[in-house]
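This is my_file-v9.pdb (PDB, C-alpha atoms).
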ATOM      1  CA  MET W   1     -35.498  56.325  65.618  1.00  0.00           C
ATOM      2  CA  GLY W   2     -34.852  55.349  62.058  1.00  0.00           C
ATOM      3  CA  GLY W   3     -35.369  51.732  61.289  1.00  0.00           C
ATOM      4  CA  VAL W   4     -35.698  48.884  58.892  1.00  0.00           C
ATOM      5  CA  HIS W   5     -38.782  46.759  59.396  1.00  0.00           C
ATOM      6  CA  GLY W   6     -40.531  43.779  57.856  1.00  0.00           C
ATOM      7  CA  ARG W   7     -38.969  42.390  54.718  1.00  0.00           C
ATOM      8  CA  TYR W   8     -35.368  43.351  54.244  1.00  0.00           C
ATOM      9  CA  GLN W   9     -34.066  44.319  50.897  1.00  0.00           C
ATOM     10  CA  ALA W  10     -30.411  43.695  50.199  1.00  0.00           C
ATOM     11  CA  VAL W  11     -28.484  46.928  49.879  1.00  0.00           C
ATOM     12  CA  SER W  12     -25.544  46.815  47.522  1.00  0.00           C
ATOM     13  CA  ALA W  13     -22.520  48.077  49.435  1.00  0.00           C
ATOM     14  CA  ARG W  14     -20.696  48.927  46.227  1.00  0.00           C
ATOM     15  CA  THR W  15     -23.383  51.177  44.785  1.00  0.00           C
ATOM     16  CA  ARG W  16     -24.822  52.708  47.956  1.00  0.00           C
ATOM     17  CA  GLY W  17     -21.780  52.718  50.200  1.00  0.00           C
ATOM     18  CA  SER W  18     -23.789  51.431  53.149  1.00  0.00           C
ATOM     19  CA  VAL W  19     -22.256  49.525  56.053  1.00  0.00           C
ATOM     20  CA  LEU W  20     -23.400  47.717  59.152  1.00  0.00           C
ATOM     21  CA  VAL W  21     -21.452  49.028  62.131  1.00  0.00           C
ATOM     22  CA  ASP W  22     -20.634  46.887  65.160  1.00  0.00           C
ATOM     23  CA  THR W  23     -21.343  48.209  68.650  1.00  0.00           C
ATOM     24  CA  SER W  24     -17.810  49.133  69.697  1.00  0.00           C
ATOM     25  CA  VAL W  25     -17.138  51.109  66.524  1.00  0.00           C
ATOM     26  CA  PHE W  26     -20.604  52.679  66.409  1.00  0.00           C
ATOM     27  CA  GLY W  27     -20.394  53.857  70.026  1.00  0.00           C
ATOM     28  CA  ALA W  28     -16.771  54.970  69.757  1.00  0.00           C
ATOM     29  CA  GLY W  29     -16.432  58.587  70.730  1.00  0.00           C
ATOM     30  CA  LEU W  30     -19.178  58.497  73.355  1.00  0.00           C
ATOM     31  CA  THR W  31     -16.568  58.174  76.092  1.00  0.00           C
ATOM     32  CA  PRO W  32     -13.154  59.848  76.226  1.00  0.00           C
ATOM     33  CA  ARG W  33     -11.285  56.524  76.233  1.00  0.00           C
ATOM     34  CA  SER W  34     -13.016  55.398  73.022  1.00  0.00           C
ATOM     35  CA  ILE W  35     -12.027  58.464  70.957  1.00  0.00           C
ATOM     36  CA  PRO W  36      -8.897  56.786  69.482  1.00  0.00           C
ATOM     37  CA  LEU W  37     -11.077  53.915  68.235  1.00  0.00           C
ATOM     38  CA  ALA W  38     -13.492  56.404  66.641  1.00  0.00           C
ATOM     39  CA  GLN W  39     -10.614  58.181  64.926  1.00  0.00           C
ATOM     40  CA  ARG W  40      -9.242  54.873  63.566  1.00  0.00           C
ATOM     41  CA  TYR W  41     -12.601  53.976  61.977  1.00  0.00           C
ATOM     42  CA  ASP W  42     -13.818  57.409  60.843  1.00  0.00           C
ATOM     43  CA  ARG W  43     -12.720  56.929  57.240  1.00  0.00           C
ATOM     44  CA  LEU W  44     -14.808  53.760  57.020  1.00  0.00           C
ATOM     45  CA  VAL W  45     -18.049  55.147  58.470  1.00  0.00           C
ATOM     46  CA  VAL W  46     -18.195  58.919  58.016  1.00  0.00           C
ATOM     47  CA  GLY W  47     -20.340  59.910  55.053  1.00  0.00           C
ATOM     48  CA  ARG W  48     -21.774  56.428  54.558  1.00  0.00           C
ATOM     49  CA  ARG W  49     -25.277  55.189  55.259  1.00  0.00           C
ATOM     50  CA  ARG W  50     -24.911  53.393  58.589  1.00  0.00           C
ATOM     51  CA  PHE W  51     -27.003  50.440  59.689  1.00  0.00           C
ATOM     52  CA  ILE W  52     -26.900  48.980  63.193  1.00  0.00           C
ATOM     53  CA  SER W  53     -28.448  45.887  64.703  1.00  0.00           C
ATOM     54  CA  PHE W  54     -31.120  46.053  67.395  1.00  0.00           C
ATOM     55  CA  GLN W  55     -28.434  44.301  69.466  1.00  0.00           C
ATOM     56  CA  THR W  56     -26.235  47.402  69.251  1.00  0.00           C
ATOM     57  CA  VAL W  57     -29.071  49.580  70.577  1.00  0.00           C
ATOM     58  CA  MET W  58     -29.454  47.223  73.544  1.00  0.00           C
ATOM     59  CA  GLU W  59     -25.721  47.015  74.245  1.00  0.00           C
ATOM     60  CA  LEU W  60     -25.179  50.772  74.156  1.00  0.00           C
ATOM     61  CA  THR W  61     -28.232  51.651  76.248  1.00  0.00           C
ATOM     62  CA  PHE W  62     -27.375  48.910  78.755  1.00  0.00           C
ATOM     63  CA  GLY W  63     -23.840  50.303  79.026  1.00  0.00           C
ATOM     64  CA  ALA W  64     -25.242  53.796  79.635  1.00  0.00           C
ATOM     65  CA  ASN W  65     -27.562  52.430  82.339  1.00  0.00           C
ATOM     66  CA  VAL W  66     -24.807  50.532  84.141  1.00  0.00           C
ATOM     67  CA  ALA W  67     -22.443  53.505  83.946  1.00  0.00           C
ATOM     68  CA  GLY W  68     -25.146  55.836  85.265  1.00  0.00           C
ATOM     69  CA  TRP W  69     -24.896  58.274  82.399  1.00  0.00           C
ATOM     70  CA  GLY W  70     -26.558  61.640  82.867  1.00  0.00           C
ATOM     71  CA  ASN W  71     -28.942  63.400  80.513  1.00  0.00           C
ATOM     72  CA  ALA W  72     -26.275  65.035  78.332  1.00  0.00           C
ATOM     73  CA  ARG W  73     -24.534  61.758  77.487  1.00  0.00           C
ATOM     74  CA  ARG W  74     -27.855  59.955  76.991  1.00  0.00           C
ATOM     75  CA  LEU W  75     -29.002  62.649  74.567  1.00  0.00           C
ATOM     76  CA  LYS W  76     -25.765  62.221  72.620  1.00  0.00           C
ATOM     77  CA  LEU W  77     -26.331  58.439  72.518  1.00  0.00           C
ATOM     78  CA  ASN W  78     -29.957  58.828  71.430  1.00  0.00           C
ATOM     79  CA  SER W  79     -28.921  61.255  68.698  1.00  0.00           C
ATOM     80  CA  LEU W  80     -26.265  58.839  67.464  1.00  0.00           C
ATOM     81  CA  ILE W  81     -28.795  55.993  67.311  1.00  0.00           C
ATOM     82  CA  ALA W  82     -31.358  58.212  65.573  1.00  0.00           C
ATOM     83  CA  GLY W  83     -28.785  58.942  62.856  1.00  0.00           C
ATOM     84  CA  ALA W  84     -28.532  55.267  61.895  1.00  0.00           C
ATOM     85  CA  GLU W  85     -30.890  52.756  60.359  1.00  0.00           C
ATOM     86  CA  VAL W  86     -31.767  50.278  63.099  1.00  0.00           C
ATOM     87  CA  VAL W  87     -32.432  46.740  61.886  1.00  0.00           C
ATOM     88  CA  TRP W  88     -34.973  45.039  64.133  1.00  0.00           C
ATOM     89  CA  ALA W  89     -35.254  41.273  64.531  1.00  0.00           C
ATOM     90  CA  GLY W  90     -37.926  39.425  62.593  1.00  0.00           C
ATOM     91  CA  ALA W  91     -38.529  35.918  61.295  1.00  0.00           C
ATOM     92  CA  SER W  92     -36.381  36.345  58.194  1.00  0.00           C
ATOM     93  CA  LEU W  93     -33.398  37.725  60.132  1.00  0.00           C
ATOM     94  CA  ALA W  94     -33.841  34.960  62.740  1.00  0.00           C
ATOM     95  CA  ARG W  95     -33.589  32.344  59.981  1.00  0.00           C
ATOM     96  CA  THR W  96     -30.408  34.005  58.676  1.00  0.00           C
ATOM     97  CA  CYS W  97     -29.005  34.036  62.205  1.00  0.00           C
ATOM     98  CA  SER W  98     -29.839  30.351  62.698  1.00  0.00           C
ATOM     99  CA  ALA W  99     -28.238  29.425  59.376  1.00  0.00           C
ATOM    100  CA  LEU W 100     -25.111  31.434  60.242  1.00  0.00           C
ATOM    101  CA  ARG W 101     -24.821  29.809  63.658  1.00  0.00           C
ATOM    102  CA  THR W 102     -25.108  26.402  61.987  1.00  0.00           C
ATOM    103  CA  ARG W 103     -22.377  27.274  59.459  1.00  0.00           C
ATOM    104  CA  CYS W 104     -20.143  28.574  62.278  1.00  0.00           C
ATOM    105  CA  TRP W 105     -20.764  25.439  64.326  1.00  0.00           C
ATOM    106  CA  GLN W 106     -19.904  23.225  61.354  1.00  0.00           C
ATOM    107  CA  ALA W 107     -16.738  25.236  60.719  1.00  0.00           C
ATOM    108  CA  GLY W 108     -15.712  25.176  64.385  1.00  0.00           C
ATOM    109  CA  HIS W 109     -15.956  28.972  64.603  1.00  0.00           C
ATOM    110  CA  ALA W 110     -16.408  30.449  68.105  1.00  0.00           C
ATOM    111  CA  LEU W 111     -19.340  32.586  66.933  1.00  0.00           C
ATOM    112  CA  ALA W 112     -21.515  29.458  67.263  1.00  0.00           C
ATOM    113  CA  GLN W 113     -21.022  29.461  71.047  1.00  0.00           C
ATOM    114  CA  ALA W 114     -23.846  30.845  73.200  1.00  0.00           C
ATOM    115  CA  ALA W 115     -21.430  33.324  74.794  1.00  0.00           C
ATOM    116  CA  HIS W 116     -21.220  35.095  71.423  1.00  0.00           C
ATOM    117  CA  ASN W 117     -24.956  35.356  70.653  1.00  0.00           C
ATOM    118  CA  ALA W 118     -24.834  39.166  70.598  1.00  0.00           C
ATOM    119  CA  ASP W 119     -22.078  39.179  67.970  1.00  0.00           C
ATOM    120  CA  LEU W 120     -23.861  36.404  66.083  1.00  0.00           C
ATOM    121  CA  TRP W 121     -26.919  38.658  65.658  1.00  0.00           C
ATOM    122  CA  ILE W 122     -24.718  41.488  64.415  1.00  0.00           C
ATOM    123  CA  ALA W 123     -22.881  39.303  61.896  1.00  0.00           C
ATOM    124  CA  ALA W 124     -26.168  37.755  60.742  1.00  0.00           C
ATOM    125  CA  THR W 125     -27.625  41.231  60.208  1.00  0.00           C
ATOM    126  CA  ALA W 126     -24.715  42.214  57.959  1.00  0.00           C
ATOM    127  CA  ILE W 127     -25.043  38.989  55.970  1.00  0.00           C
ATOM    128  CA  HIS W 128     -28.827  39.334  55.785  1.00  0.00           C
ATOM    129  CA  LEU W 129     -28.582  42.822  54.329  1.00  0.00           C
ATOM    130  CA  ASP W 130     -25.567  41.941  52.157  1.00  0.00           C
ATOM    131  CA  LEU W 131     -23.531  44.708  53.768  1.00  0.00           C
ATOM    132  CA  PRO W 132     -19.926  44.813  54.899  1.00  0.00           C
ATOM    133  CA  LEU W 133     -19.470  44.840  58.669  1.00  0.00           C
ATOM    134  CA  VAL W 134     -17.248  47.518  60.160  1.00  0.00           C
ATOM    135  CA  ALA W 135     -15.951  45.954  63.357  1.00  0.00           C
ATOM    136  CA  GLU W 136     -12.913  45.932  65.630  1.00  0.00           C
ATOM    137  CA  ASP W 137     -13.683  42.661  67.426  1.00  0.00           C
ATOM    138  CA  GLY W 138     -11.646  39.633  66.326  1.00  0.00           C
ATOM    139  CA  ILE W 139     -14.616  37.284  66.836  1.00  0.00           C
ATOM    140  CA  PHE W 140     -15.703  38.330  63.334  1.00  0.00           C
ATOM    141  CA  ASP W 141     -12.510  37.004  61.703  1.00  0.00           C
ATOM    142  CA  GLY W 142     -13.251  34.089  59.410  1.00  0.00           C
ATOM    143  CA  VAL W 143     -17.043  34.140  59.784  1.00  0.00           C
ATOM    144  CA  PRO W 144     -18.492  32.254  56.805  1.00  0.00           C
ATOM    145  CA  GLY W 145     -20.134  34.614  54.321  1.00  0.00           C
ATOM    146  CA  LEU W 146     -19.225  37.799  56.205  1.00  0.00           C
ATOM    147  CA  HIS W 147     -17.405  40.663  54.507  1.00  0.00           C
ATOM    148  CA  ARG W 148     -15.580  42.778  57.092  1.00  0.00           C
ATOM    149  CA  GLU W 149     -14.024  46.212  56.710  1.00  0.00           C
ATOM    150  CA  GLN W 150     -11.204  47.416  58.941  1.00  0.00           C
ATOM    151  CA  PRO W 151      -8.737  50.284  58.696  1.00  0.00           C
TER     152      PRO W 151
END

Rewrite the structure of this file - the entire thing - as structure tokens.
Amino acid sequence: MGGVHGRYQAVSARTRGSVLVDTSVFGAGLTPRSIPLAQRYDRLVVGRRRFISFQTVMELTFGANVAGWGNARRLKLNSLIAGAEVVWAGASLARTCSALRTRCWQAGHALAQAAHNADLWIAATAIHLDLPLVAEDGIFDGVPGLHREQP
């Protein structure tokens, strides 16, 4: 799998065209019912350097496990993940995540709640790398310091 390790270097979204992709958008197209979502977001992700959080890897592989996916679907999932830059947690990202949760808590944003820890990691990863987040989920609306792209 591709990956980003150790010290993160901010990637300018304007010059490199990179994006961090949330789980639902990244995994769209893996199941027949998610194809319309994939089609809605294609123009925002196709042809761009795609980053995903370690959290997205966990969520997608967990979903495949629970659904009992066979080898063909798992190979497709593994290939999709291999085509992205996976950002793994480390001390620096953890500090960004903590700071974001604090800002959300102070602002009264729901992302500060423990129930949203997975999305908090994803938003923090986008902020940490200075990348726009491509996401469908409304929990990302109004997150302090987060730039979000939607169709």

Explicit residues for the PyMOL selection byres ((chain W and resi 129-145) around 9) (as a compact mmCIF listing (two decimals) with C-alpha atoms, in the coordinates of the input):
# COMPACT_ATOMS: atom_id res chain seq x y z
CA TYR W 8 -35.37 43.35 54.24
CA GLN W 9 -34.07 44.32 50.90
CA ALA W 10 -30.41 43.70 50.20
CA VAL W 11 -28.48 46.93 49.88
CA SER W 12 -25.54 46.82 47.52
CA ALA W 13 -22.52 48.08 49.44
CA GLY W 17 -21.78 52.72 50.20
CA SER W 18 -23.79 51.43 53.15
CA VAL W 19 -22.26 49.52 56.05
CA LEU W 20 -23.40 47.72 59.15
CA VAL W 21 -21.45 49.03 62.13
CA ASP W 22 -20.63 46.89 65.16
CA THR W 23 -21.34 48.21 68.65
CA SER W 24 -17.81 49.13 69.70
CA VAL W 25 -17.14 51.11 66.52
CA PHE W 26 -20.60 52.68 66.41
CA LEU W 37 -11.08 53.92 68.24
CA TYR W 41 -12.60 53.98 61.98
CA LEU W 44 -14.81 53.76 57.02
CA VAL W 45 -18.05 55.15 58.47
CA PHE W 51 -27.00 50.44 59.69
CA LEU W 100 -25.11 31.43 60.24
CA ARG W 103 -22.38 27.27 59.46
CA CYS W 104 -20.14 28.57 62.28
CA ALA W 107 -16.74 25.24 60.72
CA HIS W 109 -15.96 28.97 64.60
CA ALA W 110 -16.41 30.45 68.10
CA LEU W 111 -19.34 32.59 66.93
CA HIS W 116 -21.22 35.10 71.42
CA ASP W 119 -22.08 39.18 67.97
CA LEU W 120 -23.86 36.40 66.08
CA ILE W 122 -24.72 41.49 64.42
CA ALA W 123 -22.88 39.30 61.90
CA ALA W 124 -26.17 37.76 60.74
CA THR W 125 -27.62 41.23 60.21
CA ALA W 126 -24.72 42.21 57.96
CA ILE W 127 -25.04 38.99 55.97
CA HIS W 128 -28.83 39.33 55.78
CA LEU W 146 -19.23 37.80 56.20
CA HIS W 147 -17.40 40.66 54.51
CA ARG W 148 -15.58 42.78 57.09
CA GLU W 149 -14.02 46.21 56.71
CA GLN W 150 -11.20 47.42 58.94

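The interatomic distance for the pair CA of Asn65 in chain W and CA of Ala112 in chain W works out to 28.1 Å.
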
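The neighbours of Gly63 in chain W here are the residues that come within 12 Å of it, using all atoms listed in the file and leaving out any residue fewer than 3 positions away in the same chain; they are Thr23, Ser24, Gly27, Leu30, Thr31, Thr56, Val57, Met58, Glu59, Leu60, Val66, Ala67, Gly68, Trp69, Arg73, Arg74 and Leu77 of chain W.
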
Exercise for review: One decimal, Å: what's the distance from CA of Pro32 in chain W over to CA of Ile52 in chain W, could you say?
Suggested key: 21.8 Å

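The nearest approach to Ser53 in chain W among the residues W:Ala28, W:Leu75, W:Val87, W:Ile35, with all atoms listed in the file taken into account, belongs to W:Val87.
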
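For the pair CA of Ser34 in chain W and CA of Leu80 in chain W, the separation is 14.8 Å.
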
Grab all the atoms of range 61-67 of chain W that the file lists, wrap them in a box along x, y and z, add 8 Å per side, and give me centre plus edge lengths in Å (one decimal) as lines of an AutoDock Vina configuration file.
center_x = -25.3
center_y = 51.4
center_z = 80.2
size_x = 21.8
size_y = 20.9
size_z = 23.9

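Distances here use only C-alpha atoms; by that measure, the residue among W:Gly70, W:Arg40, W:Trp121, W:Ser79 closest to Leu93 in chain W is W:Trp121.
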
From the coordinates supplied, range 16-78 of chain W should be written with C-alpha atoms, as an mmCIF file, in the first residue's frame.
data_model
loop_
_atom_site.group_PDB
_atom_site.id
_atom_site.type_symbol
_atom_site.label_atom_id
_atom_site.label_comp_id
_atom_site.auth_asym_id
_atom_site.auth_seq_id
_atom_site.Cartn_x
_atom_site.Cartn_y
_atom_site.Cartn_z
ATOM 1 C CA ARG W 16 -0.859 19.746 -6.952
ATOM 2 C CA GLY W 17 -4.585 19.144 -7.168
ATOM 3 C CA SER W 18 -4.483 16.674 -4.291
ATOM 4 C CA VAL W 19 -7.481 15.897 -2.093
ATOM 5 C CA LEU W 20 -8.262 13.892 0.998
ATOM 6 C CA VAL W 21 -11.249 11.664 0.295
ATOM 7 C CA ASP W 22 -13.724 10.628 2.984
ATOM 8 C CA THR W 23 -14.682 6.971 3.358
ATOM 9 C CA SER W 24 -18.121 7.058 1.746
ATOM 10 C CA VAL W 25 -16.875 8.859 -1.357
ATOM 11 C CA PHE W 26 -13.644 6.860 -1.588
ATOM 12 C CA GLY W 27 -15.472 3.525 -1.353
ATOM 13 C CA ALA W 28 -18.312 4.592 -3.642
ATOM 14 C CA GLY W 29 -18.632 2.210 -6.535
ATOM 15 C CA LEU W 30 -17.587 -0.867 -4.565
ATOM 16 C CA THR W 31 -21.228 -1.863 -4.164
ATOM 17 C CA PRO W 32 -24.018 -1.465 -6.720
ATOM 18 C CA ARG W 33 -26.043 0.853 -4.469
ATOM 19 C CA SER W 34 -23.104 3.258 -4.086
ATOM 20 C CA ILE W 35 -22.545 3.783 -7.834
ATOM 21 C CA PRO W 36 -24.712 6.956 -7.980
ATOM 22 C CA LEU W 37 -22.579 8.486 -5.212
ATOM 23 C CA ALA W 38 -19.402 7.611 -7.136
ATOM 24 C CA GLN W 39 -20.801 9.209 -10.278
ATOM 25 C CA ARG W 40 -21.719 12.403 -8.374
ATOM 26 C CA TYR W 41 -18.157 12.796 -7.044
ATOM 27 C CA ASP W 42 -16.119 11.563 -10.023
ATOM 28 C CA ARG W 43 -15.334 15.052 -11.299
ATOM 29 C CA LEU W 44 -13.828 15.953 -7.928
ATOM 30 C CA VAL W 45 -11.590 12.897 -7.502
ATOM 31 C CA VAL W 46 -10.767 11.377 -10.888
ATOM 32 C CA GLY W 47 -7.329 12.406 -12.108
ATOM 33 C CA ARG W 48 -6.288 13.925 -8.787
ATOM 34 C CA ARG W 49 -3.782 12.627 -6.271
ATOM 35 C CA ARG W 50 -5.974 11.014 -3.617
ATOM 36 C CA PHE W 51 -5.092 10.771 0.054
ATOM 37 C CA ILE W 52 -7.103 8.758 2.568
ATOM 38 C CA SER W 53 -6.909 8.469 6.326
ATOM 39 C CA PHE W 54 -5.930 5.243 8.074
ATOM 40 C CA GLN W 55 -9.484 5.492 9.443
ATOM 41 C CA THR W 56 -10.878 5.008 5.933
ATOM 42 C CA VAL W 57 -8.827 1.824 5.491
ATOM 43 C CA MET W 58 -10.265 0.480 8.751
ATOM 44 C CA GLU W 59 -13.847 1.463 7.926
ATOM 45 C CA LEU W 60 -13.797 -0.073 4.454
ATOM 46 C CA THR W 61 -12.103 -3.317 5.492
ATOM 47 C CA PHE W 62 -14.427 -3.637 8.497
ATOM 48 C CA GLY W 63 -17.423 -3.164 6.193
ATOM 49 C CA ALA W 64 -16.084 -5.869 3.862
ATOM 50 C CA ASN W 65 -15.604 -8.228 6.824
ATOM 51 C CA VAL W 66 -19.103 -7.672 8.197
ATOM 52 C CA ALA W 67 -20.665 -8.045 4.749
ATOM 53 C CA GLY W 68 -18.705 -11.248 4.127
ATOM 54 C CA TRP W 69 -17.191 -10.073 0.878
ATOM 55 C CA GLY W 70 -15.575 -12.706 -1.305
ATOM 56 C CA ASN W 71 -12.138 -12.619 -2.887
ATOM 57 C CA ALA W 72 -13.142 -10.667 -6.006
ATOM 58 C CA ARG W 73 -14.629 -7.751 -4.065
ATOM 59 C CA ARG W 74 -11.755 -7.766 -1.561
ATOM 60 C CA LEU W 75 -9.229 -7.600 -4.397
ATOM 61 C CA LYS W 76 -11.098 -4.618 -5.834
ATOM 62 C CA LEU W 77 -11.034 -2.929 -2.403
ATOM 63 C CA ASN W 78 -7.331 -3.654 -1.912
#
